Amino acid sequence: MKTTLKIAGMHCNGCSGNLERMLNKRDGVLSAKVSLEAAAAEVEYDEAKVDLDGLREVVENCGFDVVG
Ligand code: 9UX
């Protein structure tokens with residue numbers, strides 16, 4: 001499964017780098033790419049192991065919000 005999440009609250013490359021690292025550490029995430037410029041996270045994941053709520057949880061734990 002592949003999705004693109006719109007992310008609010010990222011201010012610098014540290015933010016996007018941290019979020020990308022945390023998403024990639026989440027069980028079930030196959031690959032995550034976060035763009036500061038696009039304010040978006042492109043995530044490929046195994047839906048048997050993690051769902052959208054699980055991805056949202058990672059984003060919120062990093063201090064950001066999923067806005068779409
Ligand atoms: Mo940049 Mo983000 O200094 O939490 S890392 S603002």
# chains A, B, ... in the order shown; residues from 1 in each chain; ligands from 1
call {"tool": "residues_near_ligand", "arguments": {"ligand": "ligand 1", "cutoff": "6 Å", "atoms": "only C-alpha atoms and all ligand atoms", "output": "mmCIF file with C-alpha atoms, in the first residue's frame"}}
result
data_model
loop_
_atom_site.group_PDB
_atom_site.id
_atom_site.type_symbol
_atom_site.label_atom_id
_atom_site.label_comp_id
_atom_site.auth_asym_id
_atom_site.auth_seq_id
_atom_site.Cartn_x
_atom_site.Cartn_y
_atom_site.Cartn_z
ATOM 1 C CA MET A 10 7.377 21.125 9.608
ATOM 2 C CA HIS A 11 9.691 24.131 9.646
ATOM 3 C CA CYS A 12 13.120 22.957 8.585
ATOM 4 C CA GLY A 14 15.604 18.778 10.680
ATOM 5 C CA CYS A 15 11.854 18.359 11.031
#
call {"tool": "select_by_dssp", "arguments": {"residues": "chain A", "states": "alpha helix (DSSP H)", "output": "PyMOL selection string"}}
result
chain A and resi 13-25+52-61
call {"tool": "residues_around", "arguments": {"residues": "range 45-57 of chain A", "least_positions_apart": "4", "cutoff": "8 Å", "atoms": "only C-alpha atoms", "output": "list in words"}}
result
Met1, Lys2, Leu23, Asp27, Gly28, Val29, Leu30, Ser31, Asn61, Asp65 and Val66 of chain A
call {"tool": "write_last_selection", "arguments": {"atoms": "N, CA and C atoms", "output": "PDB file, in the first residue's frame"}}
result
ATOM      1  N   MET A   1       0.844  -1.193   0.000  1.00  0.00           N
ATOM      2  CA  MET A   1       0.000   0.000   0.000  1.00  0.00           C
ATOM      3  C   MET A   1       0.879   1.243   0.000  1.00  0.00           C
ATOM      4  N   LYS A   2       0.490   2.223  -0.794  1.00  0.00           N
ATOM      5  CA  LYS A   2       1.279   3.444  -0.853  1.00  0.00           C
ATOM      6  C   LYS A   2       0.350   4.640  -0.675  1.00  0.00           C
ATOM      7  N   LEU A  23       9.285   7.475  10.750  1.00  0.00           N
ATOM      8  CA  LEU A  23       8.365   6.670   9.927  1.00  0.00           C
ATOM      9  C   LEU A  23       9.062   5.389   9.478  1.00  0.00           C
ATOM     10  N   ASP A  27       7.308  -0.295  12.565  1.00  0.00           N
ATOM     11  CA  ASP A  27       7.077  -1.636  12.038  1.00  0.00           C
ATOM     12  C   ASP A  27       5.992  -1.569  10.965  1.00  0.00           C
ATOM     13  N   GLY A  28       6.243  -2.167   9.832  1.00  0.00           N
ATOM     14  CA  GLY A  28       5.256  -2.189   8.762  1.00  0.00           C
ATOM     15  C   GLY A  28       5.502  -1.149   7.679  1.00  0.00           C
ATOM     16  N   VAL A  29       6.353  -0.168   7.990  1.00  0.00           N
ATOM     17  CA  VAL A  29       6.686   0.831   6.964  1.00  0.00           C
ATOM     18  C   VAL A  29       7.837   0.292   6.122  1.00  0.00           C
ATOM     19  N   LEU A  30       7.593   0.191   4.829  1.00  0.00           N
ATOM     20  CA  LEU A  30       8.603  -0.339   3.912  1.00  0.00           C
ATOM     21  C   LEU A  30       9.544   0.773   3.465  1.00  0.00           C
ATOM     22  N   SER A  31       8.971   1.944   3.191  1.00  0.00           N
ATOM     23  CA  SER A  31       9.811   3.096   2.873  1.00  0.00           C
ATOM     24  C   SER A  31       9.004   4.368   3.063  1.00  0.00           C
ATOM     25  N   ASN A  61       3.518  11.959  17.198  1.00  0.00           N
ATOM     26  CA  ASN A  61       4.578  11.802  18.192  1.00  0.00           C
ATOM     27  C   ASN A  61       5.792  12.649  17.839  1.00  0.00           C
ATOM     28  N   ASP A  65       1.181  17.315  12.377  1.00  0.00           N
ATOM     29  CA  ASP A  65      -0.199  16.876  12.175  1.00  0.00           C
ATOM     30  C   ASP A  65      -0.406  16.394  10.748  1.00  0.00           C
ATOM     31  N   VAL A  66      -1.237  15.358  10.615  1.00  0.00           N
ATOM     32  CA  VAL A  66      -1.668  14.918   9.295  1.00  0.00           C
ATOM     33  C   VAL A  66      -2.891  15.753   8.928  1.00  0.00           C
TER      34      VAL A  66
END
call {"tool": "select_by_dssp", "arguments": {"residues": "chain A", "states": "strand (DSSP E)", "output": "VMD selection string"}}
result
chain A and resid 2 to 8 29 to 35 40 to 45 65 to 66
call {"tool": "residues_around", "arguments": {"residues": "Leu5 in chain A", "least_positions_apart": "5", "cutoff": "7 Å", "atoms": "only C-alpha atoms", "output": "number ranges by chain"}}
result
A: 40-42, 66, 68
call {"tool": "write_last_selection", "arguments": {"atoms": "N, CA and C atoms", "output": "mmCIF file, in the first residue's frame"}}
result
data_model
loop_
_atom_site.group_PDB
_atom_site.id
_atom_site.type_symbol
_atom_site.label_atom_id
_atom_site.label_comp_id
_atom_site.auth_asym_id
_atom_site.auth_seq_id
_atom_site.Cartn_x
_atom_site.Cartn_y
_atom_site.Cartn_z
ATOM 1 N N ALA A 40 4.795 17.027 2.709
ATOM 2 C CA ALA A 40 4.136 15.740 2.490
ATOM 3 C C ALA A 40 5.070 14.582 2.797
ATOM 4 N N ALA A 41 4.450 13.453 3.143
ATOM 5 C CA ALA A 41 5.187 12.216 3.376
ATOM 6 C C ALA A 41 4.639 11.148 2.439
ATOM 7 N N GLU A 42 5.537 10.581 1.673
ATOM 8 C CA GLU A 42 5.162 9.484 0.792
ATOM 9 C C GLU A 42 5.556 8.203 1.513
ATOM 10 N N VAL A 66 -1.237 15.358 10.615
ATOM 11 C CA VAL A 66 -1.668 14.918 9.295
ATOM 12 C C VAL A 66 -2.891 15.753 8.928
ATOM 13 N N GLY A 68 -4.200 15.704 5.670
ATOM 14 C CA GLY A 68 -4.846 15.176 4.461
ATOM 15 C C GLY A 68 -4.089 14.007 3.907
#
call {"tool": "closest_residue", "arguments": {"among": "A:Glu44, A:Ala39, A:Lys33, A:Leu19", "to": "Lys6 in chain A", "atoms": "only C-alpha atoms"}}
result
A:Ala39
call {"tool": "decode", "arguments": {"residues": "range 13-48 of chain A", "atoms": "N, CA, C and O atoms", "output": "CSV table (one decimal), in the first residue's frame"}}
result
chain,number,residue,atom,x,y,z
A,13,ASN,N,14.7,21.4,7.6
A,13,ASN,CA,15.1,20.1,7.1
A,13,ASN,C,15.3,19.1,8.3
A,13,ASN,O,15.3,17.9,8.1
A,14,GLY,N,15.5,19.6,9.5
A,14,GLY,CA,15.6,18.8,10.7
A,14,GLY,C,14.3,18.1,10.9
A,14,GLY,O,14.2,16.9,11.2
A,15,CYS,N,13.2,18.9,10.8
A,15,CYS,CA,11.9,18.4,11.0
A,15,CYS,C,11.6,17.2,10.1
A,15,CYS,O,11.1,16.1,10.5
A,16,SER,N,11.8,17.5,8.8
A,16,SER,CA,11.4,16.5,7.8
A,16,SER,C,12.3,15.3,7.9
A,16,SER,O,11.9,14.1,7.8
A,17,GLY,N,13.6,15.5,8.3
A,17,GLY,CA,14.5,14.4,8.5
A,17,GLY,C,14.1,13.5,9.6
A,17,GLY,O,14.2,12.3,9.6
A,18,ASN,N,13.7,14.2,10.8
A,18,ASN,CA,13.3,13.4,11.9
A,18,ASN,C,12.1,12.6,11.6
A,18,ASN,O,12.0,11.4,12.0
A,19,LEU,N,11.1,13.2,11.0
A,19,LEU,CA,9.9,12.5,10.7
A,19,LEU,C,10.2,11.3,9.7
A,19,LEU,O,9.6,10.2,9.9
A,20,GLU,N,11.0,11.5,8.8
A,20,GLU,CA,11.3,10.4,7.8
A,20,GLU,C,12.0,9.3,8.6
A,20,GLU,O,11.6,8.1,8.3
A,21,ARG,N,12.9,9.6,9.5
A,21,ARG,CA,13.6,8.6,10.3
A,21,ARG,C,12.6,7.8,11.1
A,21,ARG,O,12.6,6.6,11.2
A,22,MET,N,11.7,8.5,11.8
A,22,MET,CA,10.7,7.9,12.7
A,22,MET,C,9.7,7.0,11.9
A,22,MET,O,9.3,5.9,12.3
A,23,LEU,N,9.3,7.5,10.7
A,23,LEU,CA,8.4,6.7,9.9
A,23,LEU,C,9.1,5.4,9.5
A,23,LEU,O,8.5,4.3,9.5
A,24,ASN,N,10.3,5.5,9.0
A,24,ASN,CA,11.0,4.3,8.6
A,24,ASN,C,11.3,3.3,9.7
A,24,ASN,O,11.5,2.1,9.4
A,25,LYS,N,11.3,3.8,10.9
A,25,LYS,CA,11.5,2.9,12.1
A,25,LYS,C,10.3,2.1,12.5
A,25,LYS,O,10.3,1.1,13.2
A,26,ARG,N,9.1,2.7,12.0
A,26,ARG,CA,7.8,2.1,12.4
A,26,ARG,C,7.7,0.7,11.8
A,26,ARG,O,7.9,0.5,10.5
A,27,ASP,N,7.3,-0.3,12.6
A,27,ASP,CA,7.1,-1.6,12.0
A,27,ASP,C,6.0,-1.6,11.0
A,27,ASP,O,4.9,-1.0,11.2
A,28,GLY,N,6.2,-2.2,9.8
A,28,GLY,CA,5.3,-2.2,8.8
A,28,GLY,C,5.5,-1.1,7.7
A,28,GLY,O,4.9,-1.2,6.6
A,29,VAL,N,6.4,-0.2,8.0
A,29,VAL,CA,6.7,0.8,7.0
A,29,VAL,C,7.8,0.3,6.1
A,29,VAL,O,8.9,-0.1,6.6
A,30,LEU,N,7.6,0.2,4.8
A,30,LEU,CA,8.6,-0.3,3.9
A,30,LEU,C,9.5,0.8,3.5
A,30,LEU,O,10.7,0.6,3.4
A,31,SER,N,9.0,1.9,3.2
A,31,SER,CA,9.8,3.1,2.9
A,31,SER,C,9.0,4.4,3.1
A,31,SER,O,7.8,4.4,2.8
A,32,ALA,N,9.7,5.4,3.6
A,32,ALA,CA,9.0,6.7,3.8
A,32,ALA,C,10.0,7.8,3.2
A,32,ALA,O,11.2,7.7,3.5
A,33,LYS,N,9.4,8.7,2.5
A,33,LYS,CA,10.1,9.8,2.0
A,33,LYS,C,9.4,11.1,2.4
A,33,LYS,O,8.2,11.2,2.0
A,34,VAL,N,10.0,12.0,3.1
A,34,VAL,CA,9.3,13.2,3.6
A,34,VAL,C,9.9,14.4,2.9
A,34,VAL,O,11.1,14.6,2.8
A,35,SER,N,9.1,15.2,2.3
A,35,SER,CA,9.5,16.5,1.6
A,35,SER,C,9.0,17.7,2.4
A,35,SER,O,7.8,17.9,2.7
A,36,LEU,N,10.0,18.5,2.8
A,36,LEU,CA,9.7,19.7,3.5
A,36,LEU,C,9.0,20.7,2.6
A,36,LEU,O,8.0,21.3,2.9
A,37,GLU,N,9.5,20.8,1.3
A,37,GLU,CA,8.9,21.7,0.3
A,37,GLU,C,7.5,21.4,0.0
A,37,GLU,O,6.7,22.3,-0.1
A,38,ALA,N,7.2,20.1,-0.1
A,38,ALA,CA,5.8,19.7,-0.5
A,38,ALA,C,5.0,19.5,0.8
A,38,ALA,O,3.8,19.3,0.6
A,39,ALA,N,5.5,19.6,2.0
A,39,ALA,CA,4.8,19.4,3.2
A,39,ALA,C,4.1,18.1,3.1
A,39,ALA,O,2.9,18.0,3.4
A,40,ALA,N,4.8,17.0,2.7
A,40,ALA,CA,4.1,15.7,2.5
A,40,ALA,C,5.1,14.6,2.8
A,40,ALA,O,6.3,14.7,2.7
A,41,ALA,N,4.4,13.5,3.1
A,41,ALA,CA,5.2,12.2,3.4
A,41,ALA,C,4.6,11.1,2.4
A,41,ALA,O,3.4,10.9,2.4
A,42,GLU,N,5.5,10.6,1.7
A,42,GLU,CA,5.2,9.5,0.8
A,42,GLU,C,5.6,8.2,1.5
A,42,GLU,O,6.7,8.0,1.8
A,43,VAL,N,4.6,7.4,1.8
A,43,VAL,CA,4.8,6.2,2.6
A,43,VAL,C,4.3,4.9,2.0
A,43,VAL,O,3.2,4.9,1.5
A,44,GLU,N,5.2,4.0,1.9
A,44,GLU,CA,4.8,2.7,1.4
A,44,GLU,C,4.8,1.7,2.6
A,44,GLU,O,5.8,1.7,3.4
A,45,TYR,N,3.7,1.1,2.8
A,45,TYR,CA,3.6,0.3,4.0
A,45,TYR,C,2.8,-1.0,3.8
A,45,TYR,O,2.1,-1.2,2.8
A,46,ASP,N,3.0,-1.9,4.8
A,46,ASP,CA,2.3,-3.2,4.7
A,46,ASP,C,1.0,-3.1,5.6
A,46,ASP,O,1.1,-2.9,6.8
A,47,GLU,N,-0.1,-3.1,5.0
A,47,GLU,CA,-1.4,-2.8,5.7
A,47,GLU,C,-1.7,-3.9,6.7
A,47,GLU,O,-2.6,-3.7,7.5
A,48,ALA,N,-1.0,-5.0,6.6
A,48,ALA,CA,-1.3,-6.1,7.6
A,48,ALA,C,-0.6,-5.7,8.9
A,48,ALA,O,-0.9,-6.2,10.0
